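Report on one structure; see the data block that follows.
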Amino acid sequence: MHIKTTILFCLFLPLAAAGRNDNVVFKADSTVTITASFSGDGPVVLTGSFLPAERTYRTPAGVFTRSGHAGMSAYGNGKWIYTTPRLKPELYTYAFSVNGRDTFDISSPDTVRDGGRMYNWFIVKGAQTDCYVTHNVAHGRVSLVWYPSEIQGLPRRRMAVYTPAGYDRCHRYPVLYLLHGTGGDEKSWLGLGRAAQILDNLIASGRCRPMIVVMPNGIADRAASPGEDPYNRRPAAATAPESMLGTIEAAFMHDVVGWTEKNYSVAAGKDSRAIAGLSLGGLHAMVISANNPGAFGYVGLFSAQAENIFSLGDNSRYVQSLASAYSSLSSALPFLFKGRKSQRLALMAQQVRHGRLAVYDSLEDKMKRQFALQPRLYYIACGRDDFVKKLNDELREQLDKNNCRYEYHESDGGHTWVNWRRYLVDFLPRLFRSGADGK
């Protein structure tokens with residue numbers, strides 16, 4: 001694959017299968033026995049997505065939960081064991097707390113980062129999870145690429161790009177821009193999202209068209225995932241208010257779409273472009289597509305944070321006045337505004353003052369224009385117990401009022417990767433089904 005010299009860094013990632021993990025044993029009764037070795041006397045507490053979730057804290061955005069926990073049993077020589085309840089087919093994550101310190105099994109080949117924490121994982125096989133497993137099919141290739149950015153302070157940013165097996169520059173491919181949520185980055189859909197495995201399997205079985213999938217970093221003050229960002233050394237954060245100020249959305253068409261179409265063999269035009277995202281990425285997908293009504297023929301909102309509190313009514317004016325006051329005070333008294341937190345606030349103030357929030361102005365009118373051009377698919381999916389369901393219901397009421405046609409999928413569960421993987425499997429086969437391959 002020929003890539004222009006505007007790529008500053010490129011790494012090809014193998015789409016590897018899960019390695020052998022002797023510490024995870026699958027039983028005939030659908031239980032799983034997990035063992036681990038830790039020095040000291042413990043106690044060792046297991047946290048896992050297969051355990052009942054625990055409510056942790058309430059925020060203006062909703063109630064957030066974490067995986068439940070259970071004590072492990074010691075059986076000598078620093079070894080600990082736990083057998084799960086009977087499990088349905090799904091991808092499960094787990095980690096440990098040893099004497100109050102969070103950790104994971106470093107000896108396991110199956111690890112993944114979610115936000116700022118590392119987890120181990122395993123898949124209980126079945127019809128539901130067949131797409132998540134690496135099968136003996138032709139595999140696509142994932143590249144981590146740097147591209148020039150117009151976002152101030154981040155002259156280059158990174159994204160992951162999936163090209164299907166047999167990618168050929170003589171053929172033009174449709175493109176899906178797939179966006180992550182708060183706390184995520186350009187690797188999120190490749191990790192817990194299993195996007196590469198899902199694409200390989202669906203394409204190989206003929207259930208989905210071969211396509212390029214672009215997974216950019218959607219955190220406004222980060223160029224790349226934590227630890228790999230030359231401009232930002234902070235660990236991953238659970239919140240991303242700076243990413244709700246319009247910066248990512250305003251730069252998206254020029255930075256991400258423009259660069260992709262110059263450097264990959266893509267079929268240009270609305271019917272060859274799709275955009276989808278989960279949570280924060282769903283908000284970005286909604287706003288980017290509304291501000292560029294002729295750009296995307298397919299839009300997917302997965303558990304979308306379908307409202308931006310910073311842009312609502314008087315909130316926008318209030319945020320703008322705060323940003324102006326902060327900027328004026330920091331200029332007059334710079335010694336009071338040192339340190340990383342102040343730098344982050346300064347960046348947010350700068351974004352507001354530069355008018356990036358304007359992408360959220362008159363959003364309903366923009367969406368009317370978008371639907372007047374008749375997108376081939378506007379897909380909304382949300383869990384019944386998801387804290388953003390109310391926002392999604394309100395969005396659908398608005399679309400119904402304006403006679404905008406969309407497809408809605410409601411599932412069990414909440415704001416979890418369990419649902420987002422399933423939405424992706426449901427969404428991909430609906431894309432580019434007629435005349436979108438450039439032939």
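Each chain of the structure tokens is named A, B, ... in the order shown, its residues numbered from 1; ligands are numbered from 1 in display order.
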
task = Show which residues sit within 6 Å of region 235-250 of chain A, as a count of residues only. Count only C-alpha atoms, and ignore same-chain residues fewer than 4 positions away.
result = 11

So which residues of region 98-227 of chain A fall under alpha helix (DSSP H) by DSSP, listed as a tab-separated table (two decimals) with all heavy atoms, in the first residue's frame?
```
chain	number	residue	atom	x	y	z
A	195	ALA	N	-13.63	-4.50	16.61
A	195	ALA	CA	-14.05	-4.05	15.28
A	195	ALA	C	-13.35	-4.80	14.16
A	195	ALA	O	-13.99	-5.16	13.16
A	195	ALA	CB	-13.82	-2.54	15.14
A	196	ALA	N	-12.04	-5.05	14.28
A	196	ALA	CA	-11.32	-5.72	13.20
A	196	ALA	C	-11.81	-7.15	13.02
A	196	ALA	O	-12.00	-7.62	11.89
A	196	ALA	CB	-9.82	-5.71	13.49
A	197	GLN	N	-12.01	-7.86	14.13
A	197	GLN	CA	-12.51	-9.23	14.03
A	197	GLN	C	-13.92	-9.26	13.44
A	197	GLN	O	-14.25	-10.10	12.59
A	197	GLN	CB	-12.51	-9.90	15.41
A	197	GLN	CG	-11.13	-10.26	15.94
A	197	GLN	CD	-10.40	-9.09	16.55
A	197	GLN	OE1	-10.94	-7.99	16.67
A	197	GLN	NE2	-9.14	-9.30	16.92
A	198	ILE	N	-14.76	-8.33	13.88
A	198	ILE	CA	-16.13	-8.26	13.38
A	198	ILE	C	-16.12	-8.00	11.88
A	198	ILE	O	-16.83	-8.66	11.10
A	198	ILE	CB	-16.93	-7.17	14.13
A	198	ILE	CG1	-17.19	-7.61	15.57
A	198	ILE	CG2	-18.25	-6.88	13.43
A	198	ILE	CD1	-17.74	-6.51	16.47
A	199	LEU	N	-15.32	-7.05	11.43
A	199	LEU	CA	-15.24	-6.74	10.00
A	199	LEU	C	-14.71	-7.92	9.20
A	199	LEU	O	-15.28	-8.28	8.15
A	199	LEU	CB	-14.36	-5.51	9.80
A	199	LEU	CG	-15.01	-4.17	10.15
A	199	LEU	CD1	-13.95	-3.13	10.48
A	199	LEU	CD2	-15.89	-3.68	9.00
A	200	ASP	N	-13.63	-8.52	9.66
A	200	ASP	CA	-13.09	-9.68	8.95
A	200	ASP	C	-14.15	-10.76	8.75
A	200	ASP	O	-14.32	-11.30	7.66
A	200	ASP	CB	-11.92	-10.29	9.75
A	200	ASP	CG	-10.63	-9.52	9.60
A	200	ASP	OD1	-10.55	-8.64	8.72
A	200	ASP	OD2	-9.69	-9.80	10.37
A	201	ASN	N	-14.86	-11.09	9.82
A	201	ASN	CA	-15.82	-12.19	9.78
A	201	ASN	C	-17.05	-11.85	8.95
A	201	ASN	O	-17.55	-12.69	8.19
A	201	ASN	CB	-16.20	-12.60	11.20
A	201	ASN	CG	-15.04	-13.22	11.96
A	201	ASN	OD1	-14.22	-13.92	11.38
A	201	ASN	ND2	-14.95	-12.95	13.24
A	202	LEU	N	-17.55	-10.64	9.08
A	202	LEU	CA	-18.73	-10.26	8.30
A	202	LEU	C	-18.39	-10.16	6.81
A	202	LEU	O	-19.19	-10.57	5.96
A	202	LEU	CB	-19.30	-8.93	8.80
A	202	LEU	CG	-19.95	-8.93	10.18
A	202	LEU	CD1	-20.55	-7.55	10.48
A	202	LEU	CD2	-21.03	-9.99	10.30
A	203	ILE	N	-17.23	-9.60	6.49
A	203	ILE	CA	-16.83	-9.50	5.08
A	203	ILE	C	-16.61	-10.89	4.49
A	203	ILE	O	-17.06	-11.20	3.38
A	203	ILE	CB	-15.57	-8.62	4.95
A	203	ILE	CG1	-15.89	-7.17	5.30
A	203	ILE	CG2	-15.00	-8.72	3.53
A	203	ILE	CD1	-14.67	-6.26	5.40
A	204	ALA	N	-15.91	-11.76	5.25
A	204	ALA	CA	-15.62	-13.11	4.74
A	204	ALA	C	-16.89	-13.91	4.49
A	204	ALA	O	-16.94	-14.72	3.55
A	204	ALA	CB	-14.71	-13.85	5.73
```

request  = Would you please extract all strand (DSSP E) residues from region 153-208 of chain A, as assigned by DSSP on the backbone, and give them as a list in words?
outcome  = Arg156, Arg157, Arg158, Met159, Ala160, Val161, Tyr162, Thr163, Val175, Leu176, Tyr177, Leu178 and Leu179 of chain A

Would you put the residues from that selection into a file with C-alpha atoms, as a compact mmCIF listing (two decimals), in the first residue's frame?
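again10.txt written:
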```txt
# COMPACT_ATOMS: atom_id res chain seq x y z
CA ARG A 156 -0.59 16.12 14.15
CA ARG A 157 -3.06 13.58 15.44
CA ARG A 158 -3.39 9.84 15.16
CA MET A 159 -6.10 7.48 13.95
CA ALA A 160 -6.46 3.75 13.28
CA VAL A 161 -7.40 2.71 9.75
CA TYR A 162 -8.74 -0.74 8.84
CA THR A 163 -8.30 -1.81 5.24
CA VAL A 175 -15.56 4.40 4.16
CA LEU A 176 -17.02 4.19 7.65
CA TYR A 177 -15.78 6.74 10.19
CA LEU A 178 -16.20 4.97 13.54
CA LEU A 179 -15.97 7.12 16.69
```

key: Distance query Asp110 (chain A) at most 12 Å, only C-alpha atoms, self and fewer than 2 positions along chain excluded, as a VMD selection string   = chain A and resid 16 to 24 91 to 95 104 to 108 112 to 113 118 to 123 191 to 192

query = Hey, what's within 10 Å of Leu301 (chain A) if we count only C-alpha atoms and toss same-chain stuff fewer than 6 positions away? As a ChimeraX atom specification, please?
reply = /A:179,275-286,378-382,392,408,420,423,427

message = Can you tell me which residues surround Asp400 (chain A) at a distance of at most 12 Å, considering only C-alpha atoms, apart from same-chain residues fewer than 6 positions away, and format the answer as a count of residues only?
response = 8
